[in-house]
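Reproduced below: target-v9.cif, with mmCIF, C-alpha atoms.
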data_model
loop_
_atom_site.group_PDB
_atom_site.id
_atom_site.type_symbol
_atom_site.label_atom_id
_atom_site.label_comp_id
_atom_site.auth_asym_id
_atom_site.auth_seq_id
_atom_site.Cartn_x
_atom_site.Cartn_y
_atom_site.Cartn_z
ATOM 1 C CA VAL A 1 -155.350 -12.141 70.269
ATOM 2 C CA VAL A 2 -156.564 -8.591 69.864
ATOM 3 C CA ASP A 3 -157.942 -6.554 72.776
ATOM 4 C CA ALA A 4 -160.931 -4.163 72.756
ATOM 5 C CA THR A 5 -158.757 -1.504 71.138
ATOM 6 C CA GLY A 6 -158.118 -3.696 68.076
ATOM 7 C CA ILE A 7 -154.375 -3.819 68.699
ATOM 8 C CA SER A 8 -152.579 -7.142 69.163
ATOM 9 C CA PRO A 9 -150.056 -7.817 71.954
ATOM 10 C CA GLU A 10 -147.279 -7.988 69.321
ATOM 11 C CA GLU A 11 -148.268 -4.554 68.086
ATOM 12 C CA TRP A 12 -148.278 -3.068 71.605
ATOM 13 C CA THR A 13 -144.888 -4.669 72.186
ATOM 14 C CA LEU A 14 -143.439 -2.926 69.142
ATOM 15 C CA TRP A 15 -145.012 0.403 70.087
ATOM 16 C CA ARG A 16 -143.596 0.258 73.594
ATOM 17 C CA ALA A 17 -140.186 -0.874 72.385
ATOM 18 C CA PHE A 18 -140.182 2.129 70.031
ATOM 19 C CA LEU A 19 -140.951 4.599 72.852
ATOM 20 C CA ARG A 20 -138.688 2.930 75.369
ATOM 21 C CA SER A 21 -135.683 2.524 73.075
ATOM 22 C CA HIS A 22 -135.982 6.167 72.041
ATOM 23 C CA ALA A 23 -136.147 7.317 75.674
ATOM 24 C CA ARG A 24 -133.105 5.242 76.667
ATOM 25 C CA VAL A 25 -131.004 6.153 73.645
ATOM 26 C CA SER A 26 -131.969 9.804 73.863
ATOM 27 C CA ARG A 27 -130.927 9.977 77.510
ATOM 28 C CA GLU A 28 -127.445 8.624 76.706
ATOM 29 C CA ILE A 29 -127.019 11.026 73.794
ATOM 30 C CA ASP A 30 -128.110 13.981 75.931
ATOM 31 C CA LEU A 31 -125.571 13.095 78.612
ATOM 32 C CA GLN A 32 -122.796 12.823 76.027
ATOM 33 C CA LEU A 33 -123.624 16.133 74.306
ATOM 34 C CA GLN A 34 -123.915 17.988 77.608
ATOM 35 C CA ARG A 35 -120.610 16.540 78.772
ATOM 36 C CA ASP A 36 -118.654 17.175 75.572
ATOM 37 C CA ALA A 37 -120.207 20.406 74.320
ATOM 38 C CA GLY A 38 -122.751 21.762 76.782
ATOM 39 C CA LEU A 39 -125.416 21.322 74.109
ATOM 40 C CA ALA A 40 -128.871 19.751 74.304
ATOM 41 C CA GLN A 41 -129.762 17.193 71.630
ATOM 42 C CA GLY A 42 -132.092 19.610 69.803
ATOM 43 C CA GLU A 43 -129.401 22.297 69.804
ATOM 44 C CA TYR A 44 -126.839 19.917 68.358
ATOM 45 C CA ALA A 45 -129.287 18.701 65.718
ATOM 46 C CA THR A 46 -130.165 22.288 64.754
ATOM 47 C CA ILE A 47 -126.534 23.343 64.363
ATOM 48 C CA SER A 48 -125.763 20.192 62.345
ATOM 49 C CA ALA A 49 -128.765 20.656 60.061
ATOM 50 C CA ILE A 50 -127.731 24.259 59.290
ATOM 51 C CA LEU A 51 -124.059 23.397 58.711
ATOM 52 C CA GLU A 52 -124.970 20.526 56.384
ATOM 53 C CA SER A 53 -127.369 22.606 54.299
ATOM 54 C CA PRO A 54 -126.044 23.772 50.893
ATOM 55 C CA ARG A 55 -125.917 27.455 51.859
ATOM 56 C CA ARG A 56 -125.190 26.883 55.554
ATOM 57 C CA ARG A 57 -128.367 28.762 56.478
ATOM 58 C CA LEU A 58 -131.924 27.549 57.024
ATOM 59 C CA ARG A 59 -135.329 29.028 57.714
ATOM 60 C CA ILE A 60 -137.171 28.054 60.893
ATOM 61 C CA GLY A 61 -139.589 25.899 58.858
ATOM 62 C CA GLU A 62 -136.713 23.994 57.270
ATOM 63 C CA ILE A 63 -135.195 23.279 60.679
ATOM 64 C CA ALA A 64 -138.610 22.116 61.905
ATOM 65 C CA GLU A 65 -138.798 19.753 58.939
ATOM 66 C CA ALA A 66 -135.340 18.319 59.593
ATOM 67 C CA LEU A 67 -136.046 17.676 63.281
ATOM 68 C CA GLY A 68 -139.700 16.623 62.998
ATOM 69 C CA TRP A 69 -140.586 19.376 65.451
ATOM 70 C CA GLU A 70 -143.340 21.983 65.343
ATOM 71 C CA LYS A 71 -142.318 25.353 63.978
ATOM 72 C CA SER A 72 -143.284 27.100 67.234
ATOM 73 C CA ARG A 73 -141.074 24.766 69.268
ATOM 74 C CA VAL A 74 -138.146 25.464 66.940
ATOM 75 C CA SER A 75 -138.762 29.216 67.285
ATOM 76 C CA HIS A 76 -138.435 28.947 71.068
ATOM 77 C CA LEU A 77 -135.285 26.852 70.730
ATOM 78 C CA ILE A 78 -133.725 29.342 68.297
ATOM 79 C CA GLY A 79 -134.540 32.185 70.705
ATOM 80 C CA ARG A 80 -132.679 30.434 73.508
ATOM 81 C CA MET A 81 -129.782 29.544 71.206
ATOM 82 C CA GLU A 82 -129.522 33.167 70.047
ATOM 83 C CA GLN A 83 -129.232 34.333 73.648
ATOM 84 C CA ARG A 84 -126.338 31.908 74.107
ATOM 85 C CA SER A 85 -124.742 33.187 70.851
ATOM 86 C CA LEU A 86 -124.892 29.762 69.178
ATOM 87 C CA VAL A 87 -126.901 30.977 66.182
ATOM 88 C CA ALA A 88 -127.896 34.333 64.670
ATOM 89 C CA ARG A 89 -130.751 35.581 62.513
ATOM 90 C CA GLU A 90 -129.978 37.145 59.148
ATOM 91 C CA ALA A 91 -132.258 38.685 56.553
ATOM 92 C CA CYS A 92 -132.851 36.403 53.593
ATOM 93 C CA ALA A 93 -131.144 37.643 50.401
ATOM 94 C CA ASP A 94 -134.119 36.660 48.193
ATOM 95 C CA ASP A 95 -136.915 37.846 50.452
ATOM 96 C CA ALA A 96 -136.358 40.825 52.739
ATOM 97 C CA ARG A 97 -139.253 39.834 55.018
ATOM 98 C CA ALA A 98 -137.875 36.344 55.613
ATOM 99 C CA VAL A 99 -135.258 35.425 58.171
ATOM 100 C CA GLU A 100 -132.613 32.734 57.974
ATOM 101 C CA ILE A 101 -130.689 31.165 60.815
ATOM 102 C CA VAL A 102 -126.908 30.880 60.645
ATOM 103 C CA VAL A 103 -124.449 29.261 63.063
ATOM 104 C CA THR A 104 -122.034 31.579 64.907
ATOM 105 C CA PRO A 105 -118.329 30.728 65.320
ATOM 106 C CA GLU A 106 -119.167 29.844 68.943
ATOM 107 C CA GLY A 107 -121.909 27.442 67.809
ATOM 108 C CA ARG A 108 -119.567 25.871 65.277
ATOM 109 C CA ARG A 109 -116.848 25.516 67.927
ATOM 110 C CA LYS A 110 -119.198 23.712 70.311
ATOM 111 C CA GLN A 111 -120.472 21.375 67.619
ATOM 112 C CA LEU A 112 -116.905 20.547 66.525
ATOM 113 C CA ALA A 113 -115.960 19.781 70.121
ATOM 114 C CA ALA A 114 -118.677 17.121 70.236
ATOM 115 C CA VAL A 115 -118.804 15.641 66.753
ATOM 116 C CA ARG A 116 -116.443 12.674 67.147
ATOM 117 C CA ALA A 117 -117.641 11.681 70.603
ATOM 118 C CA HIS A 118 -121.223 12.081 69.377
ATOM 119 C CA ALA A 119 -120.674 9.753 66.422
ATOM 120 C CA ALA A 120 -119.031 7.196 68.714
ATOM 121 C CA GLU A 121 -121.977 7.420 71.099
ATOM 122 C CA VAL A 122 -124.584 7.061 68.319
ATOM 123 C CA ARG A 123 -122.716 3.964 67.221
ATOM 124 C CA ARG A 124 -122.459 2.552 70.754
ATOM 125 C CA VAL A 125 -126.068 3.107 71.791
ATOM 126 C CA PHE A 126 -127.802 2.401 68.490
ATOM 127 C CA LEU A 127 -126.020 1.654 65.200
ATOM 128 C CA ASP A 128 -123.848 -1.159 66.572
ATOM 129 C CA HIS A 129 -127.005 -3.128 67.337
ATOM 130 C CA VAL A 130 -128.467 -2.977 63.804
ATOM 131 C CA SER A 131 -127.255 -5.272 60.999
ATOM 132 C CA PRO A 132 -127.200 -3.939 57.397
ATOM 133 C CA ASP A 133 -130.355 -5.951 56.536
ATOM 134 C CA GLU A 134 -132.160 -4.715 59.615
ATOM 135 C CA ARG A 135 -131.032 -1.183 58.867
ATOM 136 C CA GLU A 136 -132.636 -1.341 55.462
ATOM 137 C CA VAL A 137 -135.971 -2.547 56.890
ATOM 138 C CA MET A 138 -136.004 0.017 59.687
ATOM 139 C CA THR A 139 -135.075 2.940 57.468
ATOM 140 C CA ARG A 140 -137.854 2.007 55.045
ATOM 141 C CA VAL A 141 -140.459 1.740 57.816
ATOM 142 C CA LEU A 142 -139.467 4.906 59.685
ATOM 143 C CA ARG A 143 -139.391 6.960 56.487
ATOM 144 C CA ARG A 144 -142.842 5.657 55.629
ATOM 145 C CA VAL A 145 -144.073 6.748 59.070
ATOM 146 C CA ILE A 146 -142.562 10.216 58.580
ATOM 147 C CA ASP A 147 -143.962 10.576 55.051
ATOM 148 C CA GLU A 148 -147.462 9.507 56.074
ATOM 149 C CA LEU A 149 -147.581 12.136 58.796
ATOM 150 C CA GLY A 150 -146.571 14.847 56.365
ATOM 151 C CA SER A 151 -144.870 18.143 56.946
ATOM 152 C CA THR A 152 -144.632 20.024 60.245
ATOM 153 C CA GLY A 153 -142.667 22.881 58.767
ATOM 154 C CA GLN A 154 -145.645 25.017 57.846
ATOM 155 C CA ARG A 155 -147.460 24.784 61.169
ATOM 156 C CA VAL B 1 -118.474 5.939 51.915
ATOM 157 C CA VAL B 2 -117.703 6.578 55.544
ATOM 158 C CA ASP B 3 -116.924 10.048 56.894
ATOM 159 C CA ALA B 4 -114.275 11.003 59.476
ATOM 160 C CA THR B 5 -116.612 9.831 62.220
ATOM 161 C CA GLY B 6 -116.642 6.263 60.858
ATOM 162 C CA ILE B 7 -120.384 6.328 60.198
ATOM 163 C CA SER B 8 -121.757 5.727 56.707
ATOM 164 C CA PRO B 9 -124.440 7.910 55.083
ATOM 165 C CA GLU B 10 -126.886 4.962 55.323
ATOM 166 C CA GLU B 11 -126.245 4.761 59.053
ATOM 167 C CA TRP B 12 -126.779 8.495 59.559
ATOM 168 C CA THR B 13 -129.972 8.207 57.530
ATOM 169 C CA LEU B 14 -131.328 5.531 59.849
ATOM 170 C CA TRP B 15 -130.303 7.459 62.962
ATOM 171 C CA ARG B 16 -132.032 10.617 61.745
ATOM 172 C CA ALA B 17 -135.127 8.714 60.643
ATOM 173 C CA PHE B 18 -135.295 7.200 64.127
ATOM 174 C CA LEU B 19 -135.144 10.610 65.850
ATOM 175 C CA ARG B 20 -137.412 12.330 63.361
ATOM 176 C CA SER B 21 -140.088 9.633 63.272
ATOM 177 C CA HIS B 22 -140.173 9.581 67.066
ATOM 178 C CA ALA B 23 -140.523 13.363 67.244
ATOM 179 C CA ARG B 24 -143.342 13.396 64.687
ATOM 180 C CA VAL B 25 -145.238 10.442 66.135
ATOM 181 C CA SER B 26 -144.801 11.683 69.679
ATOM 182 C CA ARG B 27 -146.212 15.075 68.783
ATOM 183 C CA GLU B 28 -149.390 13.516 67.338
ATOM 184 C CA ILE B 29 -149.822 11.258 70.358
ATOM 185 C CA ASP B 30 -149.355 14.177 72.763
ATOM 186 C CA LEU B 31 -152.014 16.203 70.957
ATOM 187 C CA GLN B 32 -154.450 13.288 71.089
ATOM 188 C CA LEU B 33 -153.900 12.568 74.791
ATOM 189 C CA GLN B 34 -154.191 16.224 75.758
ATOM 190 C CA ARG B 35 -157.369 16.559 73.732
ATOM 191 C CA ASP B 36 -159.060 13.379 74.963
ATOM 192 C CA ALA B 37 -157.829 13.156 78.552
ATOM 193 C CA GLY B 38 -155.761 16.202 79.485
ATOM 194 C CA LEU B 39 -152.798 13.878 80.005
ATOM 195 C CA ALA B 40 -149.208 14.131 78.805
ATOM 196 C CA GLN B 41 -147.712 11.065 77.119
ATOM 197 C CA GLY B 42 -145.555 10.197 80.153
ATOM 198 C CA GLU B 43 -148.563 10.494 82.458
ATOM 199 C CA TYR B 44 -150.635 8.192 80.282
ATOM 200 C CA ALA B 45 -147.784 5.668 80.024
ATOM 201 C CA THR B 46 -147.289 5.722 83.813
ATOM 202 C CA ILE B 47 -150.967 5.126 84.564
ATOM 203 C CA SER B 48 -151.115 2.327 81.968
ATOM 204 C CA ALA B 49 -147.972 0.624 83.314
ATOM 205 C CA ILE B 50 -149.390 0.625 86.863
ATOM 206 C CA LEU B 51 -152.837 -0.624 85.811
ATOM 207 C CA GLU B 52 -151.321 -3.439 83.735
ATOM 208 C CA SER B 53 -149.019 -4.635 86.521
ATOM 209 C CA PRO B 54 -150.128 -7.803 88.371
ATOM 210 C CA ARG B 55 -150.857 -6.003 91.665
ATOM 211 C CA ARG B 56 -151.845 -2.673 90.086
ATOM 212 C CA ARG B 57 -149.069 -0.896 91.981
ATOM 213 C CA LEU B 58 -145.460 -0.193 91.030
ATOM 214 C CA ARG B 59 -142.369 1.275 92.637
ATOM 215 C CA ILE B 60 -140.740 4.331 91.062
ATOM 216 C CA GLY B 61 -137.874 2.154 89.775
ATOM 217 C CA GLU B 62 -140.293 -0.197 88.046
ATOM 218 C CA ILE B 63 -142.053 2.705 86.331
ATOM 219 C CA ALA B 64 -138.642 4.056 85.253
ATOM 220 C CA GLU B 65 -137.833 0.657 83.774
ATOM 221 C CA ALA B 66 -141.137 0.483 81.881
ATOM 222 C CA LEU B 67 -140.734 3.961 80.368
ATOM 223 C CA GLY B 68 -136.960 3.901 79.830
ATOM 224 C CA TRP B 69 -136.676 7.059 81.930
ATOM 225 C CA GLU B 70 -134.302 7.947 84.752
ATOM 226 C CA LYS B 71 -135.636 7.324 88.231
ATOM 227 C CA SER B 72 -135.247 10.998 89.180
ATOM 228 C CA ARG B 73 -137.326 12.098 86.183
ATOM 229 C CA VAL B 74 -140.071 9.645 87.146
ATOM 230 C CA SER B 75 -140.005 10.973 90.730
ATOM 231 C CA HIS B 76 -140.662 14.483 89.468
ATOM 232 C CA LEU B 77 -143.458 13.253 87.215
ATOM 233 C CA ILE B 78 -145.078 11.305 90.062
ATOM 234 C CA GLY B 79 -144.902 14.403 92.277
ATOM 235 C CA ARG B 80 -146.786 16.438 89.691
ATOM 236 C CA MET B 81 -149.299 13.623 89.112
ATOM 237 C CA GLU B 82 -149.907 13.361 92.867
ATOM 238 C CA GLN B 83 -150.712 17.061 93.041
ATOM 239 C CA ARG B 84 -153.288 16.532 90.302
ATOM 240 C CA SER B 85 -154.694 13.505 92.183
ATOM 241 C CA LEU B 86 -153.927 11.097 89.329
ATOM 242 C CA VAL B 87 -151.800 8.762 91.472
ATOM 243 C CA ALA B 88 -151.098 8.260 95.179
ATOM 244 C CA ARG B 89 -148.221 6.861 97.241
ATOM 245 C CA GLU B 90 -148.845 3.894 99.524
ATOM 246 C CA ALA B 91 -146.532 2.073 101.890
ATOM 247 C CA CYS B 92 -145.348 -1.255 100.498
ATOM 248 C CA ALA B 93 -146.870 -4.243 102.350
ATOM 249 C CA ASP B 94 -143.583 -6.208 102.251
ATOM 250 C CA ASP B 95 -141.223 -3.395 103.107
ATOM 251 C CA ALA B 96 -142.394 -0.556 105.342
ATOM 252 C CA ARG B 97 -139.624 1.778 104.095
ATOM 253 C CA ALA B 98 -140.598 1.324 100.452
ATOM 254 C CA VAL B 99 -143.319 3.231 98.659
ATOM 255 C CA GLU B 100 -145.558 2.042 95.850
ATOM 256 C CA ILE B 101 -147.544 4.150 93.409
ATOM 257 C CA VAL B 102 -151.223 3.417 92.790
ATOM 258 C CA VAL B 103 -153.677 5.025 90.361
ATOM 259 C CA THR B 104 -156.537 7.051 91.878
ATOM 260 C CA PRO B 105 -160.130 6.757 90.584
ATOM 261 C CA GLU B 106 -159.561 10.127 88.892
ATOM 262 C CA GLY B 107 -156.418 8.807 87.173
ATOM 263 C CA ARG B 108 -158.281 5.702 86.053
ATOM 264 C CA ARG B 109 -161.187 7.819 84.756
ATOM 265 C CA LYS B 110 -158.866 9.974 82.642
ATOM 266 C CA GLN B 111 -157.022 6.974 81.234
ATOM 267 C CA LEU B 112 -160.315 5.270 80.345
ATOM 268 C CA ALA B 113 -161.511 8.413 78.586
ATOM 269 C CA ALA B 114 -158.497 8.237 76.278
ATOM 270 C CA VAL B 115 -157.818 4.547 75.771
ATOM 271 C CA ARG B 116 -159.790 3.896 72.577
ATOM 272 C CA ALA B 117 -158.832 7.122 70.855
ATOM 273 C CA HIS B 118 -155.240 6.520 71.927
ATOM 274 C CA ALA B 119 -155.159 3.043 70.402
ATOM 275 C CA ALA B 120 -156.671 4.391 67.181
ATOM 276 C CA GLU B 121 -154.045 7.124 67.088
ATOM 277 C CA VAL B 122 -151.151 4.703 67.726
ATOM 278 C CA ARG B 123 -152.475 2.651 64.826
ATOM 279 C CA ARG B 124 -152.889 5.673 62.543
ATOM 280 C CA VAL B 125 -149.505 7.274 63.182
ATOM 281 C CA PHE B 126 -147.372 4.151 63.531
ATOM 282 C CA LEU B 127 -148.679 0.572 63.499
ATOM 283 C CA ASP B 128 -150.594 0.919 60.221
ATOM 284 C CA HIS B 129 -147.311 1.576 58.447
ATOM 285 C CA VAL B 130 -145.547 -1.591 59.645
ATOM 286 C CA SER B 131 -146.147 -5.008 58.046
ATOM 287 C CA PRO B 132 -146.006 -8.130 60.258
ATOM 288 C CA ASP B 133 -142.540 -9.048 58.889
ATOM 289 C CA GLU B 134 -141.228 -5.551 59.437
ATOM 290 C CA ARG B 135 -142.739 -5.553 62.919
ATOM 291 C CA GLU B 136 -140.772 -8.644 63.819
ATOM 292 C CA VAL B 137 -137.489 -7.141 62.630
ATOM 293 C CA MET B 138 -138.087 -3.816 64.365
ATOM 294 C CA THR B 139 -139.162 -5.344 67.648
ATOM 295 C CA ARG B 140 -136.064 -7.544 67.666
ATOM 296 C CA VAL B 141 -133.731 -4.607 66.951
ATOM 297 C CA LEU B 142 -135.315 -2.163 69.402
ATOM 298 C CA ARG B 143 -135.328 -4.727 72.196
ATOM 299 C CA ARG B 144 -131.668 -5.428 71.525
ATOM 300 C CA VAL B 145 -130.947 -1.694 71.795
ATOM 301 C CA ILE B 146 -132.838 -1.514 75.106
ATOM 302 C CA ASP B 147 -131.151 -4.625 76.514
ATOM 303 C CA GLU B 148 -127.667 -3.461 75.568
ATOM 304 C CA LEU B 149 -128.164 -0.178 77.384
ATOM 305 C CA GLY B 150 -129.252 -1.977 80.527
ATOM 306 C CA SER B 151 -131.453 -0.850 83.356
ATOM 307 C CA THR B 152 -132.260 2.748 84.260
ATOM 308 C CA GLY B 153 -134.405 1.808 87.223
ATOM 309 C CA GLN B 154 -131.665 1.826 89.804
ATOM 310 C CA ARG B 155 -130.131 5.173 88.906
#
How does this structure look as structure tokens?
Amino acid sequence: VVDATGISPEEWTLWRAFLRSHARVSREIDLQLQRDAGLAQGEYATISAILESPRRRLRIGEIAEALGWEKSRVSHLIGRMEQRSLVAREACADDARAVEIVVTPEGRRKQLAAVRAHAAEVRRVFLDHVSPDEREVMTRVLRRVIDELGSTGQR
Amino acid sequence: VVDATGISPEEWTLWRAFLRSHARVSREIDLQLQRDAGLAQGEYATISAILESPRRRLRIGEIAEALGWEKSRVSHLIGRMEQRSLVAREACADDARAVEIVVTPEGRRKQLAAVRAHAAEVRRVFLDHVSPDEREVMTRVLRRVIDELGSTGQR
């Protein structure tokens, strides 16, 4: 059975489960990060992405790529994080006109305060409910979705 | 290989793919809904949930359940949608103290304006990249995640 939109009930069910599971999981993760570190999910993800990068510094476009966000949205986030002294801008060594974002000691301290509880929460709300076989299927599908949509970093 | 948090690289990869794919897909859907109907994704989902309910009216808690949002967040959304005349509050026939949300003709008109383009966009950004077998696995996993986290409607 396919309705006038050409989408079957099973397809709508998956789409809604995708949105709804993300909303529920995201809410729990936000609560945990606020409680343990006073950080929003995007702030935590930004700090983690920078700290895990080879040189511990990333451009705005690289952060946008890692998060799947638009560059302009990341710029706003970085502005707010700078005001709270979680990150700082530094001139890029290779390109004087470019700017790279680094994590301040305060940002690092907050992320460290949350990292174990965060991992436990990611496991509790999500990973514990996915078997290794299912994980393989889901990772393959979600990466395909990301790849098909292409880069956001340059926008 | 498992790090100090007890989470393997494959598990982190899935978790990040989940967040990133949602962010990317959500961005595309938001752009489409704004363009075709001037509606945010949560507004469109709220109107659709009400129109698809048996009596075409839902309580705030039922909308929260459908979206996976907190009740308080839905209340704020409904307030803003009321001001824009997209939905209205009506007393519940069975319980004079309870309130139900209905869609106004204006809300219905906006949803109708977007429904075909929305379905096409959901297909383009997400459903087209999932085979029937993969769909079954993902639906099963995401529903399990939702069920394990339990209801948000009463909070």
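Distance check against chain A using all atoms listed in the file: of B:Ala93, B:Ile47, B:Ala113, B:Ile7, the minimum falls on B:Ile7.
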**Report entry** Close residues, Ser48 of chain A itself excluded, 9 Å, all atoms listed in the file, min 4 positions apart in chain, as JSON, numbers by chain
**Finding:** {"A": [43, 44, 52, 53, 108, 111]}
Query - Contacts of Asp30 of chain B at 12 Å (all atoms listed in the file; same-chain gap of 6+ positions) as a list in words - result: His22, Ala23, Arg24, Asp36, Ala37, Gly38, Leu39, Ala40, Gln41, Gly42, Glu43, Tyr44, Ala45, Ala114, Ala117, His118, Glu121, Val122 and Val125 of chain B
Restricting it to C-alpha atoms, dump the selection as a tab-separated table (two decimals), in the frame of the given file.
chain	number	residue	atom	x	y	z
B	22	HIS	CA	-140.17	9.58	67.07
B	23	ALA	CA	-140.52	13.36	67.24
B	24	ARG	CA	-143.34	13.40	64.69
B	36	ASP	CA	-159.06	13.38	74.96
B	37	ALA	CA	-157.83	13.16	78.55
B	38	GLY	CA	-155.76	16.20	79.48
B	39	LEU	CA	-152.80	13.88	80.00
B	40	ALA	CA	-149.21	14.13	78.81
B	41	GLN	CA	-147.71	11.06	77.12
B	42	GLY	CA	-145.56	10.20	80.15
B	43	GLU	CA	-148.56	10.49	82.46
B	44	TYR	CA	-150.64	8.19	80.28
B	45	ALA	CA	-147.78	5.67	80.02
B	114	ALA	CA	-158.50	8.24	76.28
B	117	ALA	CA	-158.83	7.12	70.86
B	118	HIS	CA	-155.24	6.52	71.93
B	121	GLU	CA	-154.04	7.12	67.09
B	122	VAL	CA	-151.15	4.70	67.73
B	125	VAL	CA	-149.50	7.27	63.18
Query raised in the report: Got a sec to resolve the PyMOL selection byres ((chain A) within 7 of (chain B)) on this structure and send the residues as a ChimeraX atom specification?
Result: /A:5,11,14,17-18,20-21,23-24,67-69,116,119,125-127,129-130,134-135,137-139,141-146,149
Report task. Take the PyMOL selection byres ((chain B and resi 59-61) around 6), apply it to the structure above, and return the hits as number ranges by chain. Result -> B: 58, 62-64, 71, 100-101, 153
**Report entry** Point-to-point distance from atom CA of Glu82 of chain A to atom CA of Ala98 of chain A, Å rounded to tenths
**Finding:**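 Those two atoms sit 17.0 Å apart.
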Please give the centre and size of the box around segment 34-48 of chain B (axis-aligned, containing every atom listed in the file, 8 Å added per side), with values in Å to one decimal and written as AutoDock Vina command-line options.
--center_x -152.3 --center_y 9.4 --center_z 79.1 --size_x 29.5 --size_y 30.2 --size_z 26.8
Query raised in the report: What separation in Å, quoted to one decimal, exists between atom CA of Ile50 of chain A and atom CA of Gln32 of chain A?
Result: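 Interatomic distance, atom CA of Ile50 of chain A to atom CA of Gln32 of chain A: 20.9 Å.
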Query raised in the report: Can you tell me how far atom CA of Arg57 of chain B sits from atom CA of Ala88 of chain B, in Å to one decimal?
Result: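 Between atom CA of Arg57 of chain B and atom CA of Ala88 of chain B the gap works out to 9.9 Å.
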When you write segment 6-17 of chain A out from the block above, keep N, CA, C and O atoms and present the result as a compact mmCIF listing (two decimals), in the first residue's frame, please.
# COMPACT_ATOMS: atom_id res chain seq x y z
N GLY A 6 3.43 8.38 -2.74
CA GLY A 6 4.37 7.37 -3.23
C GLY A 6 5.21 6.74 -2.14
O GLY A 6 6.20 6.07 -2.43
N ILE A 7 4.85 6.96 -0.90
CA ILE A 7 5.62 6.41 0.22
C ILE A 7 4.75 5.39 0.97
O ILE A 7 3.60 5.67 1.29
N SER A 8 5.29 4.21 1.21
CA SER A 8 4.53 3.15 1.86
C SER A 8 4.43 3.38 3.37
O SER A 8 5.26 4.11 3.94
N PRO A 9 3.45 2.76 4.03
CA PRO A 9 3.34 2.89 5.48
C PRO A 9 4.63 2.45 6.19
O PRO A 9 5.04 3.07 7.17
N GLU A 10 5.27 1.39 5.68
CA GLU A 10 6.52 0.91 6.32
C GLU A 10 7.61 1.99 6.22
O GLU A 10 8.43 2.14 7.12
N GLU A 11 7.61 2.69 5.09
CA GLU A 11 8.61 3.74 4.93
C GLU A 11 8.34 4.92 5.88
O GLU A 11 9.25 5.43 6.52
N TRP A 12 7.07 5.32 5.98
CA TRP A 12 6.73 6.39 6.93
C TRP A 12 7.08 5.97 8.35
O TRP A 12 7.55 6.79 9.15
N THR A 13 6.83 4.71 8.66
CA THR A 13 7.14 4.22 10.01
C THR A 13 8.62 4.37 10.33
O THR A 13 9.00 4.83 11.41
N LEU A 14 9.47 4.00 9.36
CA LEU A 14 10.91 4.16 9.58
C LEU A 14 11.27 5.63 9.74
O LEU A 14 12.01 6.01 10.65
N TRP A 15 10.74 6.46 8.87
CA TRP A 15 11.06 7.90 8.92
C TRP A 15 10.69 8.50 10.28
O TRP A 15 11.47 9.20 10.91
N ARG A 16 9.51 8.16 10.74
CA ARG A 16 9.08 8.70 12.04
C ARG A 16 9.88 8.13 13.19
O ARG A 16 10.17 8.82 14.15
N ALA A 17 10.22 6.85 13.11
CA ALA A 17 11.04 6.25 14.16
C ALA A 17 12.42 6.91 14.20
O ALA A 17 12.99 7.12 15.27
